[in-house]
Amino acid sequence: MKLFSLILAVLLIGPTAVGQSLPLVPLPIELSVATGKTMTLPEVITVSIPNDPSWKGHVEIVGDLIQRMTNGQHRLVLSDDTSPTLVIDRDTTLSAESYSLETTEDHVQIKAASLKGLAHATATLLQLIVAQSSRELPQLSINDSPKLPYRNFMIDMGRNPHSVELLKETIDLLWFYKVDSMQLHLTDDQRIAFPSKAFPELWDGLITADQFKEVEAYAVARGVTIIPELEVPGHSGKLRGLYPEVFGKTGTDLVKSDEALKGIQTLLDEMIDVFPSSPYIHIGGDEAFGVPEDLQRGLINKLNAYLKTKGKQTLVWEGPRPGKGDNKVNTDVIHINWRTINYPADQMLKDGYRVVNAAWDPLYLVDHYPRTNYTMASPQHIYESLSITRFKHMNPGISTFGQPIEVEPTDQLIGFCMPWWEGREENYFSQIVPRLIPFAEVAWNPDVQRDFQEFSSRTEQTEAARVAAFYPVTIKAADLVVPDDGVFHNQTEIVLHANADRDIRYTLDGSEPSVTSTQYSQPISLTKSTIVRAAAFADGIQVGHGSRANFTAVTPTKNLALGKPVETSASSGSPFSVGRITDGGTDSLDFYLGYPADPDPITMTIDLGTVQQVSSVTVVAYTVSGSYEKYTVEVSADGKAFEEIGSRLEKPKKPTPSVDHSFPTRDVRFVRVISHGNRGYVFDSFSKIIEVQVR
């Protein structure tokens with residue numbers, strides 16, 4: 001193969017003009033591009049590959065995606081051709097997740113040591129192919145590997161169900177953006193999603209063992225690891241409630257009982273059988289309220305010793321404080337530090353543990369159970385603030401909110417975990433996808449130079465590639481007033497499209513489409529909030545994943561601020577965009593989610609477009625369980641000199657969602673709300689303005 005020789009631009013870390021021209025996420029550690037040199041992709045891309053069934057299976061998956069995303073213009077064919085277009089070699093000198101990808105005038109060469117490394121390379125290739133609509137790939141050389149070995153996304157299945165289809169879609173999302181693993185929080189007080197044969201009454205009756213094994217195989221084929229979690233001794237109410245004769249009636253009973261230990265080991269054996277590829281098993285370990293900490297540490301050590309006999313490494317949440325001597329948790333156990341309160345991150349490292357950073361700020365994504373609230377940072381905040389050495393909370397009442405713990409770089413910091421807690425499937429993708437992508441880039445390389453505008457430009461193109469690869473049906477709506485959030489006034493029309501004239505089936509009730517669902521033939525008129533789901537079928541067989549989109553109907557109240565642009569000092573991101581405060585909606589969860597509103601307040605400035613005669617500003621804010629928004633309202637005619645016309649700085653005797661601030665009529669073009677956060681429910685650091693109406 002011709003050697004790549006002409007290197008005119010080099011990208012080592014962070015975006016440059018070269019990086020901006022190549023929409024790759026995460027940015028490769030080392031990228032060189034030959035300016036003006038391209039490679040033309042042939043219609044038939046012949047492939048040579050080592051004789052490894054798992055590698056060949058992966059390439060077949062990639063071939064299907066390339067054919068779909070290029071509308072059949074290109075297809076991969078395994079071949080013994082002496083000069084194939086795509087050459088895949090095993091290079092055992094590379095680390096497990098490393099890969100190289102090189103394009104010349106007529107060849108693409110990929111080198112990797114493992115299936116994970118190969119999957120990272122093919123994800124890069126997929127992004128490159130769709131980005132170059134002319135099918136002319138740049139001649140380039142990439143040598144890439146993650147700076148951190150542990151890059152995990154967690155799904156809470158112990159509060160709300162999540163379907164097999166959702167898990168598969170998530171696996172493809174993680175593969176495409178090179179996130180190493182998916183943790184399944186399978187057990188909690190509310191439900192147990194794991195189908196135990198030994199304790200059948202535990203199971204929620206939804207996903208069978210065979211289906212989980214199917215998901216496991218799906219993940220392995222795409223280079224993604226599934227990490228199962230059994231939560232003990234905290235969050236074990238379901239275990240104890242259904243089998244008290246085994247697991248005891250209290251958490252203390254559980255940690256003291258030999259019978260309970262055997263039961264836990266049996267459950268762990270069953271999980272290992274279903275998810276055999278994971279080098280890790282998570283055993284919980286946090287929030288075991290009322291259970292003596294010495295007994296908690298003893299249980300962790302017993303389970304760690306047992307899992308070592310199975311060839312597994314033990315993961316635990318930050319839980320009991322450090323012990324001493326024989327009662328200290330074994331340093332083999334990997335700790336996920338999530339709130340850095342009872343066991344601060346710096347102390348964990350000092351005590352010799354490997355640590356995973358899962359700091360609330362910016363990593364926690366919480367769709368609170370039941371449907372009462374949301375807690376999550378914006379994509380921009382995640383991208384700009386995520387640091388492997390920083391541990392910060394989102395709660396101003398906790399010391400690490402104002403004084404985050406900053407530690408020195410060390411190999412003991414092995415990576416990140418981004419957890420999705422308590423959430424519902426209906427909200428999952430709209431909230432997860434925009435936040436997981438910036439997480440993926442920084443988790444791959446925490447030293448990447450941060451330019452959110454440049455990153456967003458790349459993301460737009462990589463998302464177009466991902467959608468083209470995995471989702472044959474596009475869903476588009478007319479006349480959205482907040483496009484990123486799917487908000488419309490009164491009525492909208494939904495248009496579904498699939499290439500190759502495939503049969504499209506859809507549902508409007510949130511259920512997964514099947515071949516017997518309603519057939520799409522003309523635009524769909526929506527007049528109420530709806531989850532639209534659609535899938536493409538060929539000969540009765542579904543092609544790719546089904547698409548979904550959430551649309552929110554608003555019957556607006558006419559006022560001067562309706563639909564007007566808003567600028568804010570704090571980013572938000574869908575589905576909580578700042579445009580929500582002028583979209584006309586006053587539903588209790590139709591809010592802008594601004595963070596942080598402490599110690600400095602957040603400003604939201606509405607431009608009415610022209611000077612208007614104004615005599616009142618109504619602020620509608622999230623109010624539940626006595627919470628209230630702490631804010632000041634100011635107005636200005638020129639955007640320079642602002643005058644305060646109202647405020648709510650103290651908790652009222654009876655908090656109400658809507659407050660009218662009236663004043664003598666004056667000339668106003670700009671209305672500014674200065675928020676100190678929504679006080680008194682969950683975390684005071686979030687602003688939750690629902691609507692601002694101007695009259």
# chains A, B, ... in the order shown; residues from 1 in each chain; ligands from 1

call {"tool": "closest_atom_pairs", "arguments": {"of": "segment 11-77 of chain A", "to": "segment 103-113 of chain A", "cutoff": "8 Å", "atoms": "only C-alpha atoms", "output": "tab-separated table"}}
result
residue	atom	partner	partner_atom	distance
A:Lys37	CA	A:Glu105	CA	7.6
A:Thr38	CA	A:Glu105	CA	6.3
A:Met39	CA	A:Glu105	CA	4.7
A:Thr40	CA	A:Asp106	CA	7.1

call {"tool": "select_by_dssp", "arguments": {"residues": "segment 423-605 of chain A", "states": "strand (DSSP E)", "output": "number ranges by chain"}}
result
A: 473-477, 480-482, 487-489, 492-498, 503-507, 518-519, 524-526, 530-538, 541-554, 566-568, 602-605

call {"tool": "residues_around", "arguments": {"residues": "Ala597 of chain A", "least_positions_apart": "5", "cutoff": "12 Å", "atoms": "only C-alpha atoms", "output": "list of chain:residue names"}}
result
A:Ala377, A:Met394, A:Asn395, A:Pro396, A:Phe401, A:Thr568, A:Ser569, A:Ala570, A:Ser571, A:Ser572, A:Ile602, A:Thr603, A:Met604, A:Glu629, A:Lys630, A:Tyr631, A:Ile674, A:Ser675, A:His676, A:Gly677, A:Asn678, A:Arg679, A:Phe683, A:Asp684, A:Ser685, A:Phe686, A:Ser687, A:Lys688, A:Ile689

call {"tool": "residues_around", "arguments": {"residues": "Gly323 of chain A", "least_positions_apart": "6", "cutoff": "12 Å", "atoms": "only C-alpha atoms", "output": "list in words"}}
result
Pro292, Glu293, Asp294, Leu295, Gln296, Arg297, Gly298, Ile300, Asn301, Val329, Asn330, Thr331, Asn342, Tyr343, Gln347, Met348 and Asp351 of chain A

call {"tool": "residues_around", "arguments": {"residues": "Phe551 of chain A", "least_positions_apart": "2", "cutoff": "12 Å", "atoms": "only C-alpha atoms", "output": "VMD selection string"}}
result
chain A and resid 426 to 427 430 475 to 494 508 to 510 525 to 533 548 to 549 553 to 554 575

call {"tool": "closest_residue", "arguments": {"among": "A:Pro362, A:Gly626, A:Gly251, A:Pro50", "to": "Pro379 of chain A", "atoms": "only C-alpha atoms"}}
result
A:Pro362

call {"tool": "atom_distance", "arguments": {"atom1": "atom CA of Trp203 of chain A", "atom2": "atom CA of Ile283 of chain A"}}
result
17.8 Å

call {"tool": "closest_residue", "arguments": {"among": "A:Ser636, A:Ser662, A:Asn499, A:Ser114", "to": "Gly72 of chain A", "atoms": "only C-alpha atoms"}}
result
A:Asn499

call {"tool": "residues_around", "arguments": {"residues": "Val220 of chain A", "least_positions_apart": "4", "cutoff": "10 Å", "atoms": "only C-alpha atoms", "output": "list in words"}}
result
Ser54, His58, Leu115, Lys116, Ile171, Glu214, Val215, Glu216, Val224, Thr225, Ile226, Phe275, Ser277 and Ser278 of chain A

call {"tool": "write_last_selection", "arguments": {"atoms": "N, CA and C atoms", "output": "JSON list (two decimals), in the first residue's frame"}}
result
[["chain", "number", "residue", "atom", "x", "y", "z"],
["A", 54, "SER", "N", -15.78, -12.34, 14.96],
["A", 54, "SER", "CA", -16.33, -11.14, 15.59],
["A", 54, "SER", "C", -15.98, -9.89, 14.78],
["A", 58, "HIS", "N", -18.68, -7.51, 12.81],
["A", 58, "HIS", "CA", -18.73, -6.06, 13.00],
["A", 58, "HIS", "C", -18.69, -5.34, 11.66],
["A", 115, "LEU", "N", -11.50, -5.76, 19.09],
["A", 115, "LEU", "CA", -12.76, -5.34, 18.50],
["A", 115, "LEU", "C", -13.15, -3.94, 18.96],
["A", 116, "LYS", "N", -12.84, -3.59, 20.21],
["A", 116, "LYS", "CA", -13.12, -2.23, 20.68],
["A", 116, "LYS", "C", -12.37, -1.20, 19.84],
["A", 171, "ILE", "N", -26.81, 1.73, 22.74],
["A", 171, "ILE", "CA", -25.55, 1.07, 22.39],
["A", 171, "ILE", "C", -24.99, 1.65, 21.10],
["A", 214, "GLU", "N", -29.58, -11.03, 24.24],
["A", 214, "GLU", "CA", -29.57, -10.46, 22.90],
["A", 214, "GLU", "C", -28.96, -9.05, 22.92],
["A", 215, "VAL", "N", -29.33, -8.26, 23.92],
["A", 215, "VAL", "CA", -28.76, -6.92, 24.06],
["A", 215, "VAL", "C", -27.26, -7.00, 24.33],
["A", 216, "GLU", "N", -26.85, -7.96, 25.16],
["A", 216, "GLU", "CA", -25.43, -8.15, 25.45],
["A", 216, "GLU", "C", -24.66, -8.47, 24.16],
["A", 224, "VAL", "N", -19.11, -2.23, 22.74],
["A", 224, "VAL", "CA", -19.62, -1.58, 23.95],
["A", 224, "VAL", "C", -19.78, -2.62, 25.04],
["A", 225, "THR", "N", -19.33, -2.29, 26.25],
["A", 225, "THR", "CA", -19.44, -3.19, 27.39],
["A", 225, "THR", "C", -20.67, -2.85, 28.21],
["A", 226, "ILE", "N", -21.43, -3.87, 28.61],
["A", 226, "ILE", "CA", -22.56, -3.67, 29.52],
["A", 226, "ILE", "C", -22.13, -4.08, 30.92],
["A", 275, "PHE", "N", -24.50, -11.30, 31.36],
["A", 275, "PHE", "CA", -23.58, -10.27, 30.86],
["A", 275, "PHE", "C", -22.13, -10.72, 31.05],
["A", 277, "SER", "N", -19.39, -10.59, 29.25],
["A", 277, "SER", "CA", -18.24, -9.89, 28.68],
["A", 277, "SER", "C", -17.70, -8.79, 29.58],
["A", 278, "SER", "N", -18.49, -8.34, 30.56],
["A", 278, "SER", "CA", -18.05, -7.21, 31.38],
["A", 278, "SER", "C", -16.94, -7.61, 32.34]]

call {"tool": "residues_around", "arguments": {"residues": "Pro23 of chain A", "least_positions_apart": "3", "cutoff": "10 Å", "atoms": "only C-alpha atoms", "output": "list in words"}}
result
Val18, Gly19, Gln20, Pro26, Leu27, Thr124, Gln127, Leu128, Val130, Ala131, Gln132, Glu454, Phe455, Ser456, Ser457, Arg458, Thr459, Glu460, Gln461, Thr462, Glu463 and Ala465 of chain A

call {"tool": "closest_residue", "arguments": {"among": "A:Val333, A:Ile382, A:Pro320, A:Tyr595", "to": "Ala305 of chain A", "atoms": "only C-alpha atoms"}}
result
A:Val333

call {"tool": "closest_residue", "arguments": {"among": "A:Lys56, A:Arg151, A:His162, A:His335", "to": "Pro446 of chain A", "atoms": "only C-alpha atoms"}}
result
A:Arg151

call {"tool": "decode", "arguments": {"residues": "segment 176-210 of chain A", "atoms": "N, CA and C atoms", "output": "CSV table (one decimal), in the first residue's frame"}}
result
chain,number,residue,atom,x,y,z
A,176,PHE,N,-21.1,5.0,18.4
A,176,PHE,CA,-20.8,6.1,17.4
A,176,PHE,C,-19.9,7.2,18.0
A,177,TYR,N,-20.1,7.5,19.3
A,177,TYR,CA,-19.3,8.5,20.0
A,177,TYR,C,-18.3,8.0,20.9
A,178,LYS,N,-18.0,6.7,20.8
A,178,LYS,CA,-16.8,6.1,21.5
A,178,LYS,C,-16.9,6.2,23.0
A,179,VAL,N,-18.1,6.0,23.5
A,179,VAL,CA,-18.2,5.8,25.0
A,179,VAL,C,-18.1,4.3,25.3
A,180,ASP,N,-17.3,4.0,26.2
A,180,ASP,CA,-16.8,2.6,26.3
A,180,ASP,C,-17.9,1.6,26.8
A,181,SER,N,-18.8,2.1,27.8
A,181,SER,CA,-19.6,1.1,28.5
A,181,SER,C,-20.9,1.7,28.9
A,182,MET,N,-21.9,0.8,29.1
A,182,MET,CA,-23.2,1.2,29.5
A,182,MET,C,-23.5,0.4,30.8
A,183,GLN,N,-23.7,1.1,31.9
A,183,GLN,CA,-24.1,0.5,33.2
A,183,GLN,C,-25.6,0.4,33.3
A,184,LEU,N,-26.1,-0.7,33.7
A,184,LEU,CA,-27.5,-0.9,33.9
A,184,LEU,C,-27.8,-1.0,35.4
A,185,HIS,N,-28.4,0.0,36.0
A,185,HIS,CA,-28.8,0.0,37.4
A,185,HIS,C,-30.1,-0.8,37.4
A,186,LEU,N,-30.0,-2.1,37.7
A,186,LEU,CA,-31.0,-3.1,37.5
A,186,LEU,C,-32.0,-3.2,38.6
A,187,THR,N,-31.5,-2.8,39.8
A,187,THR,CA,-32.4,-3.1,41.0
A,187,THR,C,-32.4,-1.8,41.9
A,188,ASP,N,-33.6,-1.6,42.4
A,188,ASP,CA,-33.8,-0.5,43.4
A,188,ASP,C,-35.0,-0.8,44.2
A,189,ASP,N,-35.4,0.2,45.1
A,189,ASP,CA,-36.6,0.0,45.9
A,189,ASP,C,-37.9,-0.1,45.2
A,190,GLN,N,-38.0,0.5,44.0
A,190,GLN,CA,-39.2,0.5,43.3
A,190,GLN,C,-39.5,-0.7,42.4
A,191,ARG,N,-38.4,-1.2,41.8
A,191,ARG,CA,-38.6,-2.2,40.8
A,191,ARG,C,-37.2,-3.0,40.6
A,192,ILE,N,-37.3,-4.2,40.1
A,192,ILE,CA,-36.1,-4.9,39.7
A,192,ILE,C,-36.3,-5.4,38.3
A,193,ALA,N,-35.4,-4.9,37.4
A,193,ALA,CA,-35.6,-5.2,36.0
A,193,ALA,C,-34.9,-6.5,35.6
A,194,PHE,N,-34.2,-7.1,36.5
A,194,PHE,CA,-33.4,-8.4,36.2
A,194,PHE,C,-34.3,-9.6,36.4
A,195,PRO,N,-34.3,-10.5,35.4
A,195,PRO,CA,-35.2,-11.7,35.5
A,195,PRO,C,-34.4,-12.8,36.2
A,196,SER,N,-34.5,-12.9,37.5
A,196,SER,CA,-33.8,-13.9,38.3
A,196,SER,C,-34.6,-15.2,38.2
A,197,LYS,N,-33.9,-16.3,38.0
A,197,LYS,CA,-34.6,-17.6,38.0
A,197,LYS,C,-34.7,-18.1,39.5
A,198,ALA,N,-33.6,-17.7,40.3
A,198,ALA,CA,-33.6,-18.2,41.7
A,198,ALA,C,-34.7,-17.5,42.5
A,199,PHE,N,-35.0,-16.2,42.2
A,199,PHE,CA,-35.9,-15.4,42.9
A,199,PHE,C,-36.9,-14.7,41.9
A,200,PRO,N,-37.8,-15.5,41.3
A,200,PRO,CA,-38.6,-15.1,40.2
A,200,PRO,C,-39.6,-13.9,40.6
A,201,GLU,N,-40.0,-13.8,41.9
A,201,GLU,CA,-40.9,-12.8,42.2
A,201,GLU,C,-40.3,-11.4,42.2
A,202,LEU,N,-39.0,-11.3,42.1
A,202,LEU,CA,-38.3,-10.0,42.0
A,202,LEU,C,-38.6,-9.3,40.7
A,203,TRP,N,-38.7,-10.0,39.6
A,203,TRP,CA,-38.6,-9.5,38.3
A,203,TRP,C,-39.9,-8.7,38.0
A,204,ASP,N,-39.7,-7.5,37.2
A,204,ASP,CA,-40.8,-6.7,36.8
A,204,ASP,C,-41.6,-7.2,35.7
A,205,GLY,N,-41.1,-8.3,35.1
A,205,GLY,CA,-41.9,-9.0,34.0
A,205,GLY,C,-41.7,-8.4,32.7
A,206,LEU,N,-40.7,-7.6,32.4
A,206,LEU,CA,-40.6,-6.9,31.1
A,206,LEU,C,-39.6,-7.5,30.2
A,207,ILE,N,-38.3,-7.3,30.5
A,207,ILE,CA,-37.2,-7.8,29.7
A,207,ILE,C,-36.8,-9.2,30.2
A,208,THR,N,-36.8,-10.2,29.3
A,208,THR,CA,-36.5,-11.6,29.7
A,208,THR,C,-35.0,-11.7,29.7
A,209,ALA,N,-34.5,-12.8,30.2
A,209,ALA,CA,-33.1,-13.2,30.2
A,209,ALA,C,-32.6,-13.3,28.8
A,210,ASP,N,-33.4,-14.0,27.9
A,210,ASP,CA,-32.9,-14.1,26.6
A,210,ASP,C,-32.8,-12.8,25.9
